[in-house]
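Undergrad: mmCIF, C-alpha atoms and all ligand atoms, file target.cif:
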```cif
data_protein
loop_
_atom_site.group_PDB
_atom_site.id
_atom_site.type_symbol
_atom_site.label_atom_id
_atom_site.label_comp_id
_atom_site.auth_asym_id
_atom_site.auth_seq_id
_atom_site.Cartn_x
_atom_site.Cartn_y
_atom_site.Cartn_z
ATOM 1 C CA MET B 22 23.552 -12.185 11.223
ATOM 2 C CA PRO B 23 22.625 -10.531 7.915
ATOM 3 C CA ILE B 24 20.534 -7.373 7.878
ATOM 4 C CA ARG B 25 16.914 -8.449 7.338
ATOM 5 C CA LEU B 26 14.167 -6.319 5.825
ATOM 6 C CA ALA B 27 10.455 -7.015 5.320
ATOM 7 C CA LEU B 28 8.137 -4.938 3.133
ATOM 8 C CA LYS B 29 4.531 -4.169 4.062
ATOM 9 C CA VAL B 30 2.455 -2.589 1.307
ATOM 10 C CA ASP B 31 -0.542 -0.502 2.357
ATOM 11 C CA VAL B 32 -3.138 -0.185 -0.404
ATOM 12 C CA ASP B 33 -5.481 2.714 0.324
ATOM 13 C CA THR B 34 -7.527 3.484 -2.780
ATOM 14 C CA ASP B 35 -9.346 2.003 -5.767
ATOM 15 C CA ARG B 36 -6.838 3.554 -8.162
ATOM 16 C CA GLY B 37 -3.877 2.362 -6.107
ATOM 17 C CA THR B 38 -5.290 -1.172 -6.201
ATOM 18 C CA ARG B 39 -5.996 -1.114 -9.934
ATOM 19 C CA VAL B 40 -2.787 0.645 -11.101
ATOM 20 C CA GLY B 41 -0.208 0.744 -8.326
ATOM 21 C CA VAL B 42 -0.524 -2.851 -7.105
ATOM 22 C CA PRO B 43 0.138 -4.645 -10.433
ATOM 23 C CA ASP B 44 3.091 -2.337 -11.160
ATOM 24 C CA MET B 45 4.556 -2.910 -7.723
ATOM 25 C CA VAL B 46 4.060 -6.675 -8.050
ATOM 26 C CA ALA B 47 5.999 -6.509 -11.339
ATOM 27 C CA ASP B 48 8.839 -4.515 -9.762
ATOM 28 C CA LEU B 49 9.087 -6.875 -6.792
ATOM 29 C CA GLN B 50 9.005 -9.941 -9.040
ATOM 30 C CA ASP B 51 11.769 -8.458 -11.207
ATOM 31 C CA ALA B 52 13.891 -8.074 -8.098
ATOM 32 C CA GLY B 53 12.813 -11.396 -6.553
ATOM 33 C CA ILE B 54 11.666 -9.670 -3.358
ATOM 34 C CA PRO B 55 8.727 -10.767 -1.157
ATOM 35 C CA ALA B 56 6.163 -8.383 0.366
ATOM 36 C CA CYS B 57 2.906 -8.373 2.292
ATOM 37 C CA PHE B 58 0.042 -6.513 0.553
ATOM 38 C CA LEU B 59 -2.627 -5.157 2.905
ATOM 39 C CA PHE B 60 -5.820 -4.211 1.074
ATOM 40 C CA SER B 61 -8.552 -1.665 1.687
ATOM 41 C CA LEU B 62 -11.579 -3.827 0.959
ATOM 42 C CA GLY B 63 -14.655 -1.591 1.213
ATOM 43 C CA PRO B 64 -15.743 1.800 -0.139
ATOM 44 C CA ASP B 65 -13.070 4.239 -1.299
ATOM 45 C CA GLN B 66 -14.371 7.361 0.407
ATOM 46 C CA THR B 67 -10.960 8.869 1.062
ATOM 47 C CA GLY B 68 -9.778 8.888 -2.520
ATOM 48 C CA ARG B 69 -13.113 9.985 -3.921
ATOM 49 C CA ALA B 70 -13.477 12.817 -1.437
ATOM 50 C CA ILE B 71 -9.939 14.116 -1.875
ATOM 51 C CA THR B 72 -10.120 13.935 -5.670
ATOM 52 C CA ARG B 73 -13.286 15.960 -5.605
ATOM 53 C CA VAL B 74 -11.994 18.600 -3.227
ATOM 54 C CA PHE B 75 -8.858 19.174 -5.265
ATOM 55 C CA ARG B 76 -10.375 18.809 -8.717
ATOM 56 C CA PRO B 77 -9.660 21.955 -10.762
ATOM 57 C CA GLY B 78 -12.712 24.159 -10.899
ATOM 58 C CA PHE B 79 -14.476 22.541 -7.959
ATOM 59 C CA PHE B 80 -14.176 25.807 -6.099
ATOM 60 C CA SER B 81 -14.557 28.472 -8.746
ATOM 61 C CA LYS B 82 -14.848 31.504 -6.520
ATOM 62 C CA VAL B 83 -12.407 30.921 -3.696
ATOM 63 C CA SER B 84 -8.991 29.370 -3.564
ATOM 64 C CA ARG B 85 -8.752 25.787 -2.347
ATOM 65 C CA THR B 86 -6.421 26.830 0.439
ATOM 66 C CA SER B 87 -8.817 29.372 1.832
ATOM 67 C CA VAL B 88 -11.739 26.974 1.628
ATOM 68 C CA VAL B 89 -9.749 24.404 3.567
ATOM 69 C CA SER B 90 -8.757 26.963 6.176
ATOM 70 C CA ILE B 91 -12.300 28.257 6.536
ATOM 71 C CA TYR B 92 -14.196 24.971 6.762
ATOM 72 C CA GLY B 93 -11.475 22.544 7.822
ATOM 73 C CA VAL B 94 -10.474 19.479 5.891
ATOM 74 C CA ARG B 95 -12.775 17.132 7.741
ATOM 75 C CA THR B 96 -15.895 19.158 7.036
ATOM 76 C CA LEU B 97 -15.044 19.298 3.360
ATOM 77 C CA LEU B 98 -14.572 15.560 3.232
ATOM 78 C CA ASN B 99 -17.837 14.970 5.056
ATOM 79 C CA GLY B 100 -19.645 17.229 2.643
ATOM 80 C CA THR B 101 -18.301 15.556 -0.468
ATOM 81 C CA LEU B 102 -19.369 11.990 0.167
ATOM 82 C CA LEU B 103 -20.357 10.457 -3.133
ATOM 83 C CA PRO B 104 -21.289 6.929 -4.112
ATOM 84 C CA ALA B 105 -17.803 5.556 -3.472
ATOM 85 C CA PRO B 106 -16.253 2.817 -5.587
ATOM 86 C CA HIS B 107 -16.213 -0.468 -3.691
ATOM 87 C CA ILE B 108 -12.568 -1.515 -3.846
ATOM 88 C CA GLY B 109 -13.074 -5.201 -3.098
ATOM 89 C CA ARG B 110 -15.890 -5.715 -5.597
ATOM 90 C CA ARG B 111 -14.073 -3.856 -8.369
ATOM 91 C CA ASN B 112 -10.635 -5.383 -7.839
ATOM 92 C CA ALA B 113 -11.078 -8.965 -6.665
ATOM 93 C CA GLY B 114 -9.118 -10.235 -9.670
ATOM 94 C CA VAL B 115 -6.169 -7.909 -9.003
ATOM 95 C CA MET B 116 -6.081 -8.972 -5.362
ATOM 96 C CA ARG B 117 -6.177 -12.705 -6.140
ATOM 97 C CA ALA B 118 -3.407 -12.206 -8.713
ATOM 98 C CA VAL B 119 -1.182 -10.806 -5.937
ATOM 99 C CA ARG B 120 -1.707 -13.963 -3.895
ATOM 100 C CA ASP B 121 -1.274 -16.174 -6.979
ATOM 101 C CA ALA B 122 2.070 -14.462 -7.642
ATOM 102 C CA GLY B 123 3.215 -15.773 -4.260
ATOM 103 C CA PHE B 124 2.883 -12.653 -2.126
ATOM 104 C CA GLU B 125 1.429 -12.524 1.362
ATOM 105 C CA THR B 126 -1.931 -10.719 1.622
ATOM 106 C CA GLY B 127 -3.959 -9.272 4.480
ATOM 107 C CA ILE B 128 -6.366 -6.591 5.645
ATOM 108 C CA HIS B 129 -5.651 -2.868 5.697
ATOM 109 C CA CYS B 130 -9.271 -1.915 6.419
ATOM 110 C CA HIS B 131 -12.879 -1.813 5.278
ATOM 111 C CA ASN B 132 -13.242 1.996 5.070
ATOM 112 C CA HIS B 133 -9.848 3.738 5.277
ATOM 113 C CA TYR B 134 -11.228 7.193 5.944
ATOM 114 C CA ARG B 135 -13.472 6.037 8.764
ATOM 115 C CA TRP B 136 -10.770 3.982 10.521
ATOM 116 C CA GLN B 137 -8.035 6.589 10.214
ATOM 117 C CA ASP B 138 -10.116 9.594 11.263
ATOM 118 C CA TYR B 139 -12.636 8.073 13.664
ATOM 119 C CA LEU B 140 -11.204 4.942 15.300
ATOM 120 C CA GLN B 141 -10.410 6.784 18.505
ATOM 121 C CA LYS B 142 -14.061 7.907 18.843
ATOM 122 C CA MET B 143 -15.776 4.703 17.730
ATOM 123 C CA SER B 144 -17.558 2.244 20.033
ATOM 124 C CA LEU B 145 -16.329 -1.340 20.316
ATOM 125 C CA GLU B 146 -19.360 -2.425 18.266
ATOM 126 C CA ALA B 147 -18.491 0.047 15.496
ATOM 127 C CA VAL B 148 -14.834 -1.029 15.403
ATOM 128 C CA ARG B 149 -15.885 -4.678 15.349
ATOM 129 C CA GLY B 150 -18.353 -3.909 12.551
ATOM 130 C CA GLU B 151 -15.609 -2.321 10.426
ATOM 131 C CA PHE B 152 -13.221 -5.206 10.915
ATOM 132 C CA ILE B 153 -15.853 -7.909 10.403
ATOM 133 C CA ALA B 154 -16.841 -6.211 7.138
ATOM 134 C CA ALA B 155 -13.201 -6.271 6.017
ATOM 135 C CA ARG B 156 -12.817 -9.937 7.022
ATOM 136 C CA ALA B 157 -15.996 -10.916 5.175
ATOM 137 C CA GLU B 158 -14.871 -9.221 1.973
ATOM 138 C CA TYR B 159 -11.395 -10.747 2.285
ATOM 139 C CA LEU B 160 -12.942 -14.199 2.764
ATOM 140 C CA ARG B 161 -15.220 -13.686 -0.255
ATOM 141 C CA ILE B 162 -12.258 -12.697 -2.452
ATOM 142 C CA PHE B 163 -9.611 -15.118 -1.265
ATOM 143 C CA GLY B 164 -11.702 -18.046 -0.036
ATOM 144 C CA ALA B 165 -9.788 -18.064 3.262
ATOM 145 C CA GLU B 166 -9.644 -15.912 6.384
ATOM 146 C CA ALA B 167 -7.025 -13.173 6.601
ATOM 147 C CA ARG B 168 -4.123 -14.007 8.903
ATOM 148 C CA THR B 169 -2.833 -10.467 9.280
ATOM 149 C CA ALA B 170 -3.880 -6.812 9.418
ATOM 150 C CA GLY B 171 -2.191 -3.422 9.539
ATOM 151 C CA ALA B 172 -4.306 -0.398 10.414
ATOM 152 C CA PRO B 173 -4.742 2.802 8.372
ATOM 153 C CA GLY B 174 -2.629 5.659 9.676
ATOM 154 C CA TRP B 175 -1.271 3.446 12.480
ATOM 155 C CA GLN B 176 -4.510 4.042 14.379
ATOM 156 C CA SER B 177 -4.902 1.402 17.074
ATOM 157 C CA ASN B 178 -6.432 1.123 20.548
ATOM 158 C CA ALA B 179 -7.805 -1.426 23.010
ATOM 159 C CA LYS B 180 -10.987 -1.863 20.936
ATOM 160 C CA SER B 181 -9.158 -2.609 17.706
ATOM 161 C CA ARG B 182 -6.758 -4.918 19.545
ATOM 162 C CA GLN B 183 -9.747 -6.814 20.913
ATOM 163 C CA VAL B 184 -11.299 -7.356 17.476
ATOM 164 C CA TYR B 185 -7.896 -8.462 16.143
ATOM 165 C CA ASP B 186 -7.700 -11.043 18.929
ATOM 166 C CA GLU B 187 -11.236 -12.191 18.094
ATOM 167 C CA ALA B 188 -10.126 -12.751 14.496
ATOM 168 C CA GLY B 189 -7.288 -15.048 15.577
ATOM 169 C CA LEU B 190 -4.672 -13.307 13.440
ATOM 170 C CA LEU B 191 -1.163 -14.721 13.194
ATOM 171 C CA TYR B 192 0.209 -11.218 13.784
ATOM 172 C CA ALA B 193 -0.639 -7.553 13.189
ATOM 173 C CA SER B 194 1.404 -4.532 12.159
ATOM 174 C CA ASP B 195 -0.215 -1.367 13.516
ATOM 175 C CA THR B 196 2.624 0.500 15.191
ATOM 176 C CA ARG B 197 5.786 2.477 14.546
ATOM 177 C CA GLY B 198 9.214 1.812 15.969
ATOM 178 C CA GLY B 199 10.924 -0.801 18.093
ATOM 179 C CA ALA B 200 11.024 -4.591 18.164
ATOM 180 C CA PRO B 201 8.040 -6.998 17.964
ATOM 181 C CA PHE B 202 5.906 -7.170 21.121
ATOM 182 C CA PHE B 203 2.567 -8.041 22.679
ATOM 183 C CA PRO B 204 0.648 -4.798 23.219
ATOM 184 C CA ARG B 205 -0.770 -3.751 26.566
ATOM 185 C CA VAL B 206 -3.451 -1.066 26.207
ATOM 186 C CA ASP B 207 -5.506 0.366 29.078
ATOM 187 C CA GLY B 208 -3.972 -2.288 31.322
ATOM 188 C CA GLN B 209 -5.067 -5.202 29.132
ATOM 189 C CA VAL B 210 -2.513 -7.428 27.384
ATOM 190 C CA PHE B 211 -3.551 -8.626 23.915
ATOM 191 C CA ALA B 212 -2.695 -11.991 22.375
ATOM 192 C CA THR B 213 -1.950 -10.961 18.793
ATOM 193 C CA LEU B 214 1.761 -10.443 18.119
ATOM 194 C CA GLU B 215 2.547 -6.906 16.941
ATOM 195 C CA ILE B 216 5.375 -6.405 14.429
ATOM 196 C CA PRO B 217 6.089 -2.648 14.157
ATOM 197 C CA SER B 218 7.245 -0.746 11.091
ATOM 198 C CA THR B 219 10.729 0.419 12.002
ATOM 199 C CA LEU B 220 11.600 2.772 9.135
ATOM 200 C CA PRO B 221 10.150 6.127 8.044
ATOM 201 C CA THR B 222 7.797 6.034 5.050
ATOM 202 C CA PHE B 223 8.642 7.692 1.718
ATOM 203 C CA ASP B 224 5.953 10.321 2.237
ATOM 204 C CA GLU B 225 7.443 11.250 5.629
ATOM 205 C CA LEU B 226 10.782 12.053 3.951
ATOM 206 C CA MET B 227 9.623 13.447 0.601
ATOM 207 C CA GLY B 228 9.370 17.170 0.240
ATOM 208 C CA ARG B 229 11.632 17.919 3.189
ATOM 209 C CA PRO B 230 14.691 20.018 2.290
ATOM 210 C CA GLU B 231 17.048 17.702 4.209
ATOM 211 C CA TYR B 232 15.976 14.700 2.086
ATOM 212 C CA PRO B 233 16.229 15.471 -1.623
ATOM 213 C CA ASP B 234 15.707 12.355 -3.771
ATOM 214 C CA ALA B 235 19.462 11.756 -4.020
ATOM 215 C CA LYS B 236 19.712 11.386 -0.246
ATOM 216 C CA ILE B 237 16.719 9.118 0.345
ATOM 217 C CA VAL B 238 18.318 5.775 -0.603
ATOM 218 C CA PRO B 239 21.536 6.384 1.410
ATOM 219 C CA HIS B 240 19.389 7.551 4.319
ATOM 220 C CA TYR B 241 17.445 4.276 4.346
ATOM 221 C CA LEU B 242 20.657 2.241 4.133
ATOM 222 C CA SER B 243 22.018 4.155 7.142
ATOM 223 C CA LEU B 244 18.904 3.307 9.179
ATOM 224 C CA LEU B 245 18.965 -0.480 8.638
ATOM 225 C CA ARG B 246 19.860 -2.404 11.794
ATOM 226 C CA ALA B 247 21.495 -5.790 12.175
ATOM 227 C CA ASP B 248 20.214 -6.476 15.711
ATOM 228 C CA GLN B 249 16.481 -6.568 14.917
ATOM 229 C CA PRO B 250 14.279 -7.091 11.852
ATOM 230 C CA ASN B 251 13.699 -3.949 9.775
ATOM 231 C CA ILE B 252 10.163 -3.327 8.508
ATOM 232 C CA LEU B 253 9.338 -0.776 5.818
ATOM 233 C CA THR B 254 5.767 0.268 5.037
ATOM 234 C CA VAL B 255 5.281 1.425 1.445
ATOM 235 C CA HIS B 256 2.134 2.550 -0.377
ATOM 236 C CA ALA B 257 0.752 1.246 -3.663
ATOM 237 C CA GLU B 258 -0.230 4.875 -4.400
ATOM 238 C CA ILE B 259 3.334 6.201 -3.896
ATOM 239 C CA GLU B 260 6.074 3.610 -4.425
ATOM 240 C CA GLY B 261 3.853 1.745 -6.925
ATOM 241 C CA MET B 262 2.965 4.893 -8.872
ATOM 242 C CA GLY B 263 4.684 8.305 -8.812
ATOM 243 C CA ARG B 264 7.809 7.202 -6.899
ATOM 244 C CA ARG B 265 8.236 3.867 -8.636
ATOM 245 C CA GLN B 266 11.720 4.677 -9.913
ATOM 246 C CA LEU B 267 13.044 5.716 -6.524
ATOM 247 C CA PHE B 268 11.558 2.591 -4.935
ATOM 248 C CA ARG B 269 13.288 0.373 -7.501
ATOM 249 C CA GLN B 270 16.555 2.171 -6.731
ATOM 250 C CA LEU B 271 16.064 1.512 -3.036
ATOM 251 C CA LEU B 272 15.406 -2.208 -3.605
ATOM 252 C CA ALA B 273 18.507 -2.510 -5.816
ATOM 253 C CA ALA B 274 20.697 -0.662 -3.310
ATOM 254 C CA CYS B 275 19.518 -2.926 -0.483
ATOM 255 C CA GLN B 276 20.259 -6.032 -2.529
ATOM 256 C CA GLN B 277 23.696 -4.698 -3.386
ATOM 257 C CA ALA B 278 24.359 -4.099 0.296
ATOM 258 C CA GLY B 279 23.536 -7.755 1.015
ATOM 259 C CA VAL B 280 20.215 -7.109 2.765
ATOM 260 C CA GLU B 281 18.099 -10.254 3.093
ATOM 261 C CA PHE B 282 14.429 -9.664 2.256
ATOM 262 C CA ILE B 283 12.090 -11.723 4.419
ATOM 263 C CA ARG B 284 8.339 -12.366 4.614
ATOM 264 C CA LEU B 285 6.425 -10.958 7.567
ATOM 265 C CA ASP B 286 4.468 -14.188 8.108
ATOM 266 C CA ASP B 287 7.743 -16.152 8.217
ATOM 267 C CA LEU B 288 9.111 -13.654 10.730
ATOM 268 C CA ALA B 289 5.941 -13.971 12.832
ATOM 269 C CA ARG B 290 6.189 -17.776 12.909
ATOM 270 C CA GLU B 291 9.869 -17.589 13.794
ATOM 271 C CA LEU B 292 9.112 -15.241 16.708
ATOM 272 C CA LEU B 293 6.070 -17.178 17.925
ATOM 273 C CA ALA B 294 8.107 -20.386 18.047
ATOM 274 C CA ASN B 295 9.622 -18.803 21.154
ATOM 275 C CA ARG B 296 6.540 -16.985 22.405
ATOM 276 C CA ALA B 297 7.829 -16.555 25.965
ATOM 277 C CA ALA B 298 10.726 -14.453 24.671
ATOM 278 C CA ILE B 299 8.430 -11.818 23.137
ATOM 279 C CA PRO B 300 8.082 -8.843 25.501
ATOM 280 C CA VAL B 301 4.828 -7.183 26.584
ATOM 281 C CA ARG B 302 4.971 -3.422 26.055
ATOM 282 C CA ASP B 303 2.562 -0.563 26.665
ATOM 283 C CA GLN B 304 1.068 0.791 23.469
ATOM 284 C CA VAL B 305 0.823 4.576 23.331
ATOM 285 C CA MET B 306 -0.084 7.251 20.791
ATOM 286 C CA ALA B 307 2.791 9.572 19.899
ATOM 287 C CA ALA B 308 3.910 12.055 17.251
ATOM 288 C CA ILE B 309 6.562 11.073 14.693
ATOM 289 C CA ASP B 310 8.738 13.116 12.353
ATOM 290 C CA GLY B 311 7.168 14.132 9.072
ATOM 291 C CA ARG B 312 3.593 13.068 9.841
ATOM 292 C CA SER B 313 0.754 15.078 11.335
ATOM 293 C CA GLY B 314 -1.296 13.697 14.198
ATOM 294 C CA LEU B 315 -0.512 10.792 16.493
ATOM 295 C CA VAL B 316 0.346 7.195 15.634
ATOM 296 C CA ALA B 317 0.487 4.024 17.730
ATOM 297 C CA GLY B 318 3.830 2.875 19.070
ATOM 298 C CA GLN B 319 5.372 1.142 22.065
ATOM 299 C CA ALA B 320 6.270 3.097 25.180
ATOM 300 C CA ALA B 321 9.989 3.638 25.649
HETATM 301 ZN ZN ZN B 401 -3.409 3.434 4.427
#
```
Could I get this file's structure written as structure tokens?
TA:
Amino acid sequence: MPIRLALKVDVDTDRGTRVGVPDMVADLQDAGIPACFLFSLGPDQTGRAITRVFRPGFFSKVSRTSVVSIYGVRTLLNGTLLPAPHIGRRNAGVMRAVRDAGFETGIHCHNHYRWQDYLQKMSLEAVRGEFIAARAEYLRIFGAEARTAGAPGWQSNAKSRQVYDEAGLLYASDTRGGAPFFPRVDGQVFATLEIPSTLPTFDELMGRPEYPDAKIVPHYLSLLRADQPNILTVHAEIEGMGRRQLFRQLLAACQQAGVEFIRLDDLARELLANRAAIPVRDQVMAAIDGRSGLVAGQAA
């Protein structure tokens, strides 16, 4: 059995959609590698807020670090809400071009900031409202319903699983680690197949002394497994922009090592052909290396 690897591309911001996505599409086409692009479809509050907070001169009297430590990051973001660019309305052409180039597409979110920071506090109605807004924008852009979704920041719970089931997705990819499964949350088993990301993300490795750039590609190669599909989540804003070169090196090294790149929707169909063989696992929130906060995963 060859080593198999699928790429999931999270697209978080307006700029990442406009700049990072077309560059990443070009790199993947050069290499002949498939990927699934998951779009943020509503207002870009995250990017706008962060840009503003860290813009030179925004805080003229106090250092940015001390402002953050005094008020807390969340308060600063809340206080800097501006008319946010609507990613779907501004980038429909870019998104359709991804599909027209033969790549799989799906939903990352409506409002990235809201889902990542507030999902765990939101009511079922609020979660449903977010996801229905994302589905409506996806349908407007692509002329067909989304068949897959992967949540911002791997934030998932029983409410989001319920609205995924209501959408009749082919599969979702909201969790970290392990083999594909049907999630059980708060005692309830959900019907949408979950395909976890199995590998660390670039941003979880970057900037750590044990992973200088020269060690990142060999590290990934050492993590690839032959006994289950490998899934790597990349970001249009990272691997499609500042770390484009390193990402291309990783793709080339995988190809040289004989890794077979597969599509997530093909993998989902292959798994669902033998639905009874897919295990049910408890979904829990847990910490992972190199990332702050908790992310969804399957219980050991
Ligand atoms: Zn994201």
Undergrad: For the file shown, report as a list in words the outcome of the PyMOL selection byres (((not hetatm)) within 9 of (chain B and resi 401)) at residue level.
TA: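 On the file shown, the PyMOL selection byres (((not hetatm)) within 9 of (chain B and resi 401)) covers Val30, Asp31, Val32, Asp33, Thr34, Leu59, Phe60, Ser61, His129, Cys130, His133, Tyr134, Gln137, Gly171, Ala172, Pro173, Gly174, Trp175 and His256 of chain B.
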Undergrad: Just want the 9 Å neighbourhood of region 268-276 of chain B, counted on only C-alpha atoms, with same-chain residues fewer than 6 positions away dropped. Output as a PyMOL selection string.
TA: chain B and resi 26+48-49+52+54+223+237-239+241-242+260-261+282
Undergrad: My list of candidates is B:Ala167, B:Ile216, B:Ile108, B:Ile24. Which is closest to Thr196 (chain B) when distances are computed with all atoms listed in the file?
TA: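 The answer is B:Ile216, which sits nearest to Thr196 (chain B).
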Undergrad: Measuring atom to atom with all atoms listed in the file, identify which of B:Ala147, B:Leu293, B:Ile299, B:Ala200 is nearest to Ala320 (chain B).
TA: B:Ala200
Undergrad: Find the residues near region 182-188 of chain B: any atom within 7 Å, counting all atoms listed in the file, skip ones fewer than 6 places away on the same chain, and give them as JSON, numbers by chain.
TA: {"B": [149, 211, 212, 213]}
Undergrad: Export, as a PDB file, keeping the file's coordinate frame, the selected residues with C-alpha atoms.
TA:
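Contents of result-v3.pdb, as written:
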```
ATOM      1  CA  ARG B 149     -15.885  -4.678  15.349  1.00  0.00           C
ATOM      2  CA  PHE B 211      -3.551  -8.626  23.915  1.00  0.00           C
ATOM      3  CA  ALA B 212      -2.695 -11.991  22.375  1.00  0.00           C
ATOM      4  CA  THR B 213      -1.950 -10.961  18.793  1.00  0.00           C
TER       5      THR B 213
END
```
Undergrad: Have a look at B:Ile153, B:Leu191, B:Leu145, B:Val42 and name the one nearest to Asn178 (chain B); count only C-alpha atoms.
TA: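 Under the stated criterion, the closest residue is B:Leu145.
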